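One file, final-v8.cif, carrying mmCIF, C-alpha atoms and all ligand atoms:
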```
data_structure
#
loop_
_atom_site.label_atom_id
_atom_site.label_comp_id
_atom_site.auth_asym_id
_atom_site.auth_seq_id
_atom_site.Cartn_x
_atom_site.Cartn_y
_atom_site.Cartn_z
CA MET A 164 105.35 83.35 122.53
CA SER A 165 108.51 85.07 123.60
CA GLY A 166 107.48 88.73 123.49
CA THR A 167 110.49 89.80 121.47
CA SER A 168 110.39 92.77 119.19
CA GLU A 169 112.51 93.85 116.24
CA SER A 170 112.77 97.35 114.86
CA PHE A 171 113.37 98.47 111.30
CA ALA A 172 113.58 102.01 109.97
CA MET A 173 110.39 103.08 111.68
CA LEU A 174 108.29 99.97 112.00
CA THR A 175 108.27 97.99 115.22
CA ILE A 176 107.31 94.33 114.85
CA ARG A 177 106.05 92.46 117.90
CA ASP A 178 104.75 88.96 118.47
CA SER A 179 102.57 89.72 121.48
CA LEU A 180 100.07 92.33 122.59
CA PRO A 181 101.70 95.24 124.43
CA ASN A 182 100.24 96.10 127.83
CA GLY A 183 97.48 98.66 127.59
CA LEU A 184 96.64 98.13 123.92
CA LEU A 185 93.26 96.56 124.59
CA ASP A 186 92.13 99.35 126.92
CA CYS A 187 93.62 102.55 125.53
CA ARG A 188 91.93 105.20 123.48
CA ALA A 189 93.33 106.29 120.12
CA SER A 190 94.72 109.45 121.74
CA GLN A 191 96.77 107.29 124.16
CA ILE A 192 98.16 104.88 121.58
CA GLY A 193 101.42 106.82 121.34
CA ASP A 194 102.15 106.04 125.01
CA VAL A 195 101.43 102.33 124.43
CA LEU A 196 103.29 101.84 121.15
CA GLY A 197 105.61 104.78 120.55
CA GLY A 198 105.27 104.52 116.78
CA PRO A 199 103.86 102.49 113.88
CA THR A 200 103.71 98.85 114.95
CA LEU A 201 102.96 95.48 113.42
CA ILE A 202 101.70 92.88 115.91
CA GLU A 203 101.78 89.29 114.68
CA LEU A 204 99.67 86.78 116.57
CA GLY A 205 99.51 83.08 115.76
CA GLY A 206 96.25 81.26 115.10
CA GLN A 207 94.85 77.87 114.16
CA ARG A 208 94.99 78.58 110.43
CA GLU A 209 98.40 79.73 109.36
CA ALA A 210 97.69 82.16 106.50
CA PRO A 211 97.24 85.45 108.38
CA LEU A 212 94.47 87.99 108.16
CA PHE A 213 96.11 91.40 107.75
CA VAL A 214 94.19 94.25 109.40
CA SER A 215 95.37 97.86 109.41
CA ILE A 216 93.95 100.46 111.79
CA LEU A 217 94.60 104.15 112.46
CA ILE A 218 96.21 104.65 109.07
CA HIS A 219 94.36 107.93 109.46
CA GLY A 220 94.97 109.02 113.03
CA ASN A 221 91.52 110.53 113.61
CA GLU A 222 89.68 107.38 112.48
CA ASP A 223 89.45 105.32 115.65
CA VAL A 224 86.94 102.65 114.56
CA GLY A 225 89.65 100.07 113.91
CA LEU A 226 91.12 100.35 117.39
CA GLY A 227 87.73 99.93 119.06
CA ALA A 228 86.91 97.04 116.72
CA ILE A 229 90.15 95.15 117.26
CA GLN A 230 89.94 95.68 121.03
CA ARG A 231 86.51 94.02 120.96
CA VAL A 232 87.76 91.14 118.79
CA LEU A 233 90.85 90.39 120.88
CA LYS A 234 89.31 90.91 124.34
CA ALA A 235 86.66 88.29 123.55
CA ARG A 236 89.36 85.81 122.56
CA LEU A 237 91.99 86.30 125.29
CA GLU A 238 91.44 82.81 126.70
CA GLN A 239 91.45 80.97 123.38
CA ALA A 240 93.59 80.57 120.29
CA LEU A 241 92.69 82.77 117.35
CA PRO A 242 90.99 80.77 114.59
CA ARG A 243 93.45 82.31 112.13
CA SER A 244 96.78 84.10 112.49
CA LEU A 245 96.50 87.89 112.62
CA MET A 246 98.86 90.61 111.40
CA LEU A 247 97.68 93.86 112.97
CA PHE A 248 99.20 97.13 111.80
CA ILE A 249 98.63 100.25 113.88
CA GLY A 250 99.56 103.02 111.48
CA ASN A 251 99.76 106.73 112.22
CA VAL A 252 100.31 106.63 115.96
CA ALA A 253 101.65 110.20 116.12
CA ALA A 254 98.61 111.63 114.36
CA ALA A 255 96.25 109.51 116.48
CA ALA A 256 97.72 111.09 119.61
CA GLN A 257 96.63 114.46 118.23
CA GLY A 258 93.29 113.29 116.84
CA GLN A 259 94.42 114.25 113.32
CA ARG A 260 94.19 112.42 110.01
CA ARG A 261 97.91 113.15 109.59
CA LEU A 262 100.24 115.72 111.11
CA ASP A 263 101.45 118.67 109.08
CA GLY A 264 104.64 117.54 107.39
CA GLN A 265 103.61 113.88 107.38
CA PRO A 266 102.46 112.11 104.21
CA ASP A 267 98.97 110.64 104.15
CA TYR A 268 99.55 107.05 105.36
CA ASN A 269 97.00 105.80 102.85
CA ARG A 270 98.79 107.28 99.83
CA ILE A 271 102.31 105.85 100.26
CA TRP A 272 101.88 102.07 99.86
CA PRO A 273 103.71 100.41 96.95
CA GLY A 274 102.36 101.75 93.68
CA ALA A 275 102.16 105.33 94.98
CA VAL A 276 103.04 108.07 92.54
CA ASP A 277 104.57 110.46 95.09
CA ASP A 278 106.51 110.08 98.31
CA HIS A 279 107.81 106.59 97.55
CA GLU A 280 111.34 107.51 98.63
CA THR A 281 110.37 108.73 102.08
CA PRO A 282 111.02 106.68 105.25
CA ASP A 283 107.26 106.30 105.74
CA ALA A 284 106.83 104.84 102.25
CA GLN A 285 109.78 102.51 102.79
CA MET A 286 108.14 101.32 105.99
CA MET A 287 104.93 100.54 104.08
CA ALA A 288 106.94 98.69 101.41
CA GLN A 289 108.64 96.58 104.07
CA LEU A 290 105.29 95.80 105.68
CA HIS A 291 103.69 95.06 102.30
CA ASP A 292 106.46 92.58 101.42
CA ARG A 293 106.03 90.82 104.74
CA VAL A 294 102.25 90.46 104.33
CA VAL A 295 102.63 89.09 100.79
CA ALA A 296 105.47 86.76 101.81
CA ARG A 297 103.24 85.24 104.48
CA ARG A 298 100.55 84.58 101.85
CA ALA A 299 97.90 86.53 103.73
CA PHE A 300 94.34 85.24 103.63
CA ALA A 301 92.96 88.76 103.16
CA ALA A 302 93.88 92.42 103.74
CA ILE A 303 91.39 94.67 105.51
CA ASP A 304 91.85 98.40 106.12
CA LEU A 305 89.47 99.90 108.70
CA HIS A 306 88.50 103.58 108.27
CA ASN A 307 85.96 106.16 109.33
CA ASN A 308 84.39 108.92 107.24
CA THR A 309 84.14 112.54 108.35
CA GLY A 310 80.84 113.13 106.55
CA ARG A 311 77.59 111.21 106.89
CA ASN A 312 77.87 107.92 104.98
CA PRO A 313 76.38 104.46 105.33
CA HIS A 314 78.86 101.62 105.85
CA TYR A 315 80.46 100.56 102.60
CA SER A 316 83.47 98.72 101.21
CA VAL A 317 86.06 99.96 98.76
CA VAL A 318 87.61 97.39 96.44
CA CYS A 319 90.14 97.96 93.66
CA SER A 320 89.38 94.72 91.88
CA LYS A 321 86.26 92.87 90.79
CA SER A 322 87.93 89.54 91.51
CA PRO A 323 85.51 87.04 93.08
CA SER A 324 87.57 86.86 96.26
CA ALA A 325 87.65 90.66 96.74
CA ILE A 326 83.91 90.88 96.06
CA GLY A 327 83.31 87.96 98.41
CA LEU A 328 85.39 89.62 101.13
CA ALA A 329 83.53 92.92 100.72
CA SER A 330 80.16 91.17 100.86
CA LEU A 331 80.98 89.98 104.38
CA PHE A 332 80.99 93.58 105.63
CA THR A 333 77.94 95.18 104.05
CA ASP A 334 75.90 95.13 100.85
CA ARG A 335 77.41 98.32 99.38
CA ALA A 336 80.79 98.44 97.66
CA VAL A 337 82.70 101.02 95.65
CA LEU A 338 84.99 99.82 92.89
CA PHE A 339 87.83 102.30 92.81
CA ARG A 340 90.96 101.96 90.73
CA GLY A 341 92.07 105.56 90.60
CA LEU A 342 94.15 106.15 93.68
CA PRO A 343 97.56 104.49 93.71
CA GLY A 344 99.26 104.21 97.08
CA THR A 345 96.33 103.07 99.21
CA GLN A 346 96.65 99.95 101.31
CA THR A 347 93.84 98.24 99.40
CA ALA A 348 95.20 99.19 95.95
CA SER A 349 98.69 97.95 96.85
CA PHE A 350 97.44 94.46 97.71
CA SER A 351 94.76 94.15 95.07
CA ASN A 352 96.37 91.74 92.66
CA LEU A 353 98.18 89.83 95.38
CA VAL A 354 95.77 89.31 98.29
CA PRO A 355 91.97 89.71 98.51
CA ALA A 356 91.80 93.29 99.77
CA MET A 357 89.19 95.81 100.80
CA THR A 358 88.71 99.00 102.80
CA ALA A 359 85.85 99.01 105.30
CA GLU A 360 84.45 102.53 105.58
CA CYS A 361 82.66 102.43 108.92
CA GLY A 362 80.80 105.74 109.27
CA LYS A 363 81.85 108.46 111.69
CA PRO A 364 84.52 108.00 114.40
CA ARG A 365 83.91 107.67 118.16
CA SER A 366 80.89 105.43 117.65
CA ALA A 367 80.45 102.17 119.58
CA GLU A 368 77.90 101.03 117.01
CA ASN A 369 80.38 101.46 114.16
CA GLU A 370 83.09 99.70 116.18
CA ARG A 371 80.76 96.75 116.77
CA ALA A 372 80.01 96.49 113.05
CA ALA A 373 83.72 96.50 112.19
CA ALA A 374 84.45 93.95 114.93
CA ALA A 375 81.70 91.64 113.64
CA PHE A 376 83.24 91.85 110.17
CA VAL A 377 86.77 91.06 111.40
CA ASN A 378 85.42 88.15 113.46
CA ARG A 379 83.54 86.80 110.45
CA VAL A 380 86.68 86.82 108.29
CA LEU A 381 88.88 85.39 111.07
CA GLU A 382 86.56 82.43 111.45
CA LEU A 383 86.26 81.59 107.76
CA ASP A 384 88.07 78.72 106.15
CA HIS A 385 87.78 80.33 102.71
CA LEU A 386 86.21 83.48 101.27
CA PRO A 387 82.75 83.23 99.68
CA THR A 388 83.36 83.49 95.96
CA GLU A 389 80.11 81.97 94.77
CA PRO A 390 77.22 84.45 94.54
CA GLU A 391 74.83 82.12 96.36
CA LEU A 392 77.10 82.12 99.40
CA ARG A 393 76.91 85.85 100.01
CA GLU A 394 74.59 88.82 100.15
CA PRO A 395 73.85 90.58 96.84
CA LEU A 396 76.22 93.51 96.53
CA GLN A 397 75.30 96.94 95.21
CA LEU A 398 78.38 98.04 93.34
CA PHE A 399 79.34 101.63 92.58
CA HIS A 400 82.07 102.89 90.33
CA THR A 401 84.06 106.06 91.00
CA LEU A 402 83.87 108.68 88.26
CA GLY A 403 86.11 111.27 89.84
CA VAL A 404 87.47 112.89 92.97
CA VAL A 405 86.22 116.41 93.67
CA ARG A 406 88.69 118.98 94.98
CA VAL A 407 88.35 122.66 95.80
CA ARG A 408 91.10 124.76 94.26
CA PRO A 409 93.51 125.61 97.09
CA GLU A 410 93.59 129.35 96.39
CA ILE A 411 89.82 129.73 96.82
CA THR A 412 88.26 130.48 100.19
CA LEU A 413 85.71 127.86 101.15
CA GLY A 414 82.70 127.89 103.42
CA PHE A 415 79.68 125.73 104.16
CA GLY A 416 76.74 128.10 104.53
CA ASP A 417 79.13 131.07 104.63
CA ALA A 418 78.13 133.74 102.11
CA GLY A 419 81.47 135.52 102.59
CA ALA A 420 83.48 132.60 101.17
CA GLU A 421 84.43 132.56 97.47
CA LEU A 422 82.89 129.11 97.26
CA ASN A 423 79.90 128.74 99.55
CA LEU A 424 78.77 125.11 99.59
CA ASP A 425 75.59 123.58 100.96
CA PRO A 426 76.27 122.92 104.69
CA HIS A 427 74.38 119.62 104.41
CA LEU A 428 76.24 118.36 101.36
CA ASP A 429 77.16 115.12 103.14
CA ARG A 430 73.48 114.13 103.33
CA LEU A 431 73.70 113.35 99.61
CA ASN A 432 76.26 110.57 100.15
CA PHE A 433 75.12 107.34 98.47
CA MET A 434 71.92 109.01 97.21
CA GLN A 435 71.15 109.24 93.51
CA VAL A 436 71.22 112.98 92.89
CA LEU A 437 69.45 114.36 89.84
CA PRO A 438 70.83 116.90 87.36
CA ASP A 439 70.30 120.59 88.12
CA ARG A 440 70.72 120.10 91.86
CA VAL A 441 72.36 123.26 93.31
CA LEU A 442 75.36 122.36 95.48
CA GLY A 443 76.67 125.84 96.23
CA HIS A 444 77.24 129.41 95.18
CA THR A 445 80.29 131.15 93.76
CA GLN A 446 81.34 133.97 91.46
CA HIS A 447 84.57 132.16 90.60
CA PRO A 448 84.67 130.69 87.06
CA ALA A 449 86.28 127.36 88.06
CA PRO A 450 86.28 126.81 91.83
CA ILE A 451 86.54 123.02 91.81
CA GLU A 452 88.15 120.25 89.84
CA VAL A 453 86.97 116.71 89.25
CA ILE A 454 89.86 114.36 88.52
CA ASP A 455 88.89 111.14 86.76
CA GLU A 456 90.74 107.82 86.91
CA ASP A 457 93.01 108.87 84.05
CA GLY A 458 94.04 112.02 85.91
CA HIS A 459 92.07 114.44 83.72
CA ASP A 460 90.04 117.34 85.07
CA VAL A 461 86.48 116.59 83.95
CA ALA A 462 84.72 119.18 86.14
CA GLU A 463 82.89 120.66 83.16
CA SER A 464 81.12 117.42 82.39
CA PHE A 465 79.74 117.21 85.94
CA PHE A 466 79.15 120.82 87.02
CA SER A 467 77.73 123.96 85.49
CA LEU A 468 78.01 127.53 86.75
CA THR A 469 75.16 129.87 85.93
CA ASN A 470 74.24 133.07 87.76
CA GLY A 471 76.60 132.15 90.57
CA GLU A 472 74.98 128.74 91.14
CA LEU A 473 77.07 125.58 91.10
CA ARG A 474 74.81 122.85 89.69
CA LEU A 475 75.16 119.21 88.77
CA ARG A 476 74.95 118.57 85.05
CA ARG A 477 74.12 114.88 85.25
CA GLU A 478 72.83 112.26 87.62
CA VAL A 479 75.51 111.03 90.02
CA THR A 480 75.85 109.33 93.38
CA PRO A 481 78.15 111.30 95.72
CA ALA A 482 80.24 109.50 98.32
CA MET A 483 82.53 110.60 101.13
CA PHE A 484 81.46 114.22 100.73
CA THR A 485 82.55 116.05 103.87
CA VAL A 486 81.65 119.44 105.29
CA ASP A 487 84.88 119.61 107.32
CA GLU A 488 87.11 122.19 105.64
CA ARG A 489 90.34 120.74 107.08
CA ILE A 490 89.56 117.36 105.49
CA VAL A 491 88.64 119.06 102.21
CA ARG A 492 92.04 120.76 102.21
CA GLN A 493 94.02 117.69 103.32
CA ASP A 494 92.21 115.21 101.10
CA CYS A 495 89.20 116.14 98.97
CA LEU A 496 85.60 117.31 99.05
CA GLY A 497 84.32 113.88 98.02
CA TYR A 498 83.82 111.46 95.16
CA LEU A 499 81.29 111.16 92.36
CA MET A 500 80.07 107.69 91.48
CA GLU A 501 77.67 105.84 89.25
CA THR A 502 75.89 102.59 89.91
CA LEU A 503 77.17 99.42 88.29
CA ASP A 504 75.06 96.33 87.93
CA HIS A 505 74.19 94.34 90.98
CA LEU A 506 76.61 91.50 91.48
ZN ZN B 601 90.60 107.10 106.26
#
```
Please rewrite the model in this file as structure tokens.
Ligand SMILES: [Zn+2]
Amino acid sequence: MSGTSESFAMLTIRDSLPNGLLDCRASQIGDVLGGPTLIELGGQREAPLFVSILIHGNEDVGLGAIQRVLKARLEQALPRSLMLFIGNVAAAAQGQRRLDGQPDYNRIWPGAVDDHETPDAQMMAQLHDRVVARRAFAAIDLHNNTGRNPHYSVVCSKSPSAIGLASLFTDRAVLFRGLPGTQTASFSNLVPAMTAECGKPRSAENERAAAAFVNRVLELDHLPTEPELREPLQLFHTLGVVRVRPEITLGFGDAGAELNLDPHLDRLNFMQVLPDRVLGHTQHPAPIEVIDEDGHDVAESFFSLTNGELRLRREVTPAMFTVDERIVRQDCLGYLMETLDHL
């Protein structure tokens, strides 16, 4: 390969690995790449696997995973072509999900409601077109969680190929249609697509799990669509995203905050939680909102407030609940789910 590169509005496209990429930490990626970069590597099978990493700059699992995958294959051809997108390089340098003033890089892919005119969104649209035009084999987006969560997949479609792809990562998947503008949502009717949520950042164990998944997909001739070819998948469905109203002060185990939530709330992730469970304390009449897939606030059907106690009204399975206030403010407190049938 020639090592040429071409630059568009913000996206740099390369056809070889830049020096230092396989050994740098996420905080050093700005020195190696300078900005968002797509690296296209040829392989034995032509239809490329598209992998995006560091779409959230503080979620370093994808970098560690891809370094493991590529280092082990330096002396050999890849079994399949790879399109590797390294997303929010500037935020990664600061260890942040996104920088103040930046859009969330997982909310501006084609189909997004907001921000679709910004240079960042145009970059994602350009990238999206290129992945689709190359008839990608699959699209994988590697993320970490800030709260305690088991590994799980997020899919936006119940298509056999998306379910088959997800089943290669782990036996838990969340079916989630409600958030336009994510990488996975943008590809869902075009390419088998999934998000791999790989637990907390800065974990070699999580990086190994993500690397094993990428290797598995790279080596496949076709995705397992028949149930007997894959592990049974426990499928969850998202009921709503939980947000704390921005004007309300928030604490976790802080009695001085207007909304004082259980400091161990993230231990409930992927557990079936029974009605009446107390999640926090507040004197505010409506401290949180729960937005369902149609965009309606359905907080009252999930939470009750009596004598200053915030309680669940019905059985739910929380996911992605975090006890990091910055993430709550930038994104959300977490999601409420229910179990669908085993697939
Ligand atoms: Zn993320």
I'd like to know which of A:Val294, A:Ala301, A:Ala228, A:Ile411 is closest to Arg371 in chain A, using only C-alpha atoms.
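Of A:Val294, A:Ala301, A:Ala228, A:Ile411, the one nearest Arg371 in chain A, counting only C-alpha atoms, is A:Ala228.
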Go through A:Gly205, A:Gly258, A:Gly344, A:Pro242 and flag the residue nearest Asn221 in chain A, using all atoms listed in the file for the distances.
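Among the listed residues, the smallest separation from Asn221 in chain A belongs to A:Gly258.
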Find the distance between CA of Trp272 in chain A and CA of Asn378 in chain A and write it in Å to one decimal.
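Distance between the two atoms: 25.5 Å.
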Spatial neighbours of Phe300 in chain A, 8 Å, all atoms listed in the file, chain gap at least 4 places, as a PyMOL selection string:
chain A and resi 210-213+354-355
At most 6 Å from ligand ZN 601 (chain B) (all atoms listed in the file): residue list as a PyMOL selection string:
chain A and resi 219+306-307
Please report, as a tab-separated table, each residue of range 338-424 of chain A lying at most 10 Å from range 455-462 of chain A, together with the nearest pair of atoms and the separation in Å rounded to one decimal; use only C-alpha atoms, and order rows by chain and ascending residue number.
```
residue	atom	partner	partner_atom	distance
A:Phe339	CA	A:Glu456	CA	8.6
A:Arg340	CA	A:Glu456	CA	7.0
A:Gly341	CA	A:Glu456	CA	4.5
A:Leu342	CA	A:Glu456	CA	7.8
A:Thr401	CA	A:Glu456	CA	8.0
A:Leu402	CA	A:Asp455	CA	5.8
A:Gly403	CA	A:Asp455	CA	4.2
A:Val404	CA	A:Asp455	CA	6.6
A:Val405	CA	A:Ala462	CA	8.2
A:Arg406	CA	A:Ala462	CA	9.7
```
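Every polymer residue reaching to within 6 Å of (76.8, 134.3, 91.0), counting only C-alpha atoms, appears in this list: A:Thr445, A:Gln446, A:Asn470, A:Gly471, A:Glu472.
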Identify which of the residues A:Pro438, A:Pro426, A:Gly264, A:Gly274 lies closest to Gly310 in chain A, counting only C-alpha atoms when measuring atom-to-atom distances.
A:Pro426
Contacts of Val380 in chain A within 8 Å, only C-alpha atoms, excl. fewer than 2 positions in-chain, as an MDAnalysis selection string:
chainID A and resid 212 328 331 376:378 382:383 386
Enumerate, as number ranges by chain, the protein, DNA and RNA residues whose atoms approach (75.6, 106.5, 95.2) to within 8 Å, taking into account all atoms listed in the file and the coordinate frame of the file.
A: 399, 432-435, 479-482, 499-502
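Comparing the minimum interatomic distances between Leu226 in chain A and each of A:Ala240, A:Ile202, A:Ala189, A:Ala375, counting all atoms listed in the file, we find that A:Ala189 sits nearest.
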For a quick check of understanding, using only C-alpha atoms, which of A:Gly443, A:Pro448, A:Pro266, A:Gly198 has the smallest distance to Arg474 in chain A?
A:Gly443
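Near Phe332 in chain A, within a cut-off of 10 Å and counting only C-alpha atoms, sit the residues His314, Tyr315, Ser316, Gly327, Leu328, Ala336, Met357, Thr358, Ala359, Glu360, Cys361, Ala372, Ala373, Ala374, Ala375, Phe376, Val377, Arg379, Val380 and Glu394 of chain A, with same-chain residues fewer than 4 positions away left out.
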For the atom pair CA of Glu488 in chain A and CA of Pro199 in chain A, what is the interatomic distance in Å to one decimal place?
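So the answer is 27.1 Å.
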Excluding Ala256 in chain A and its own-chain neighbours fewer than 6 positions away, which residues fall within 8 Å of it when counting all atoms listed in the file? Please give them as a count of residues only.
6
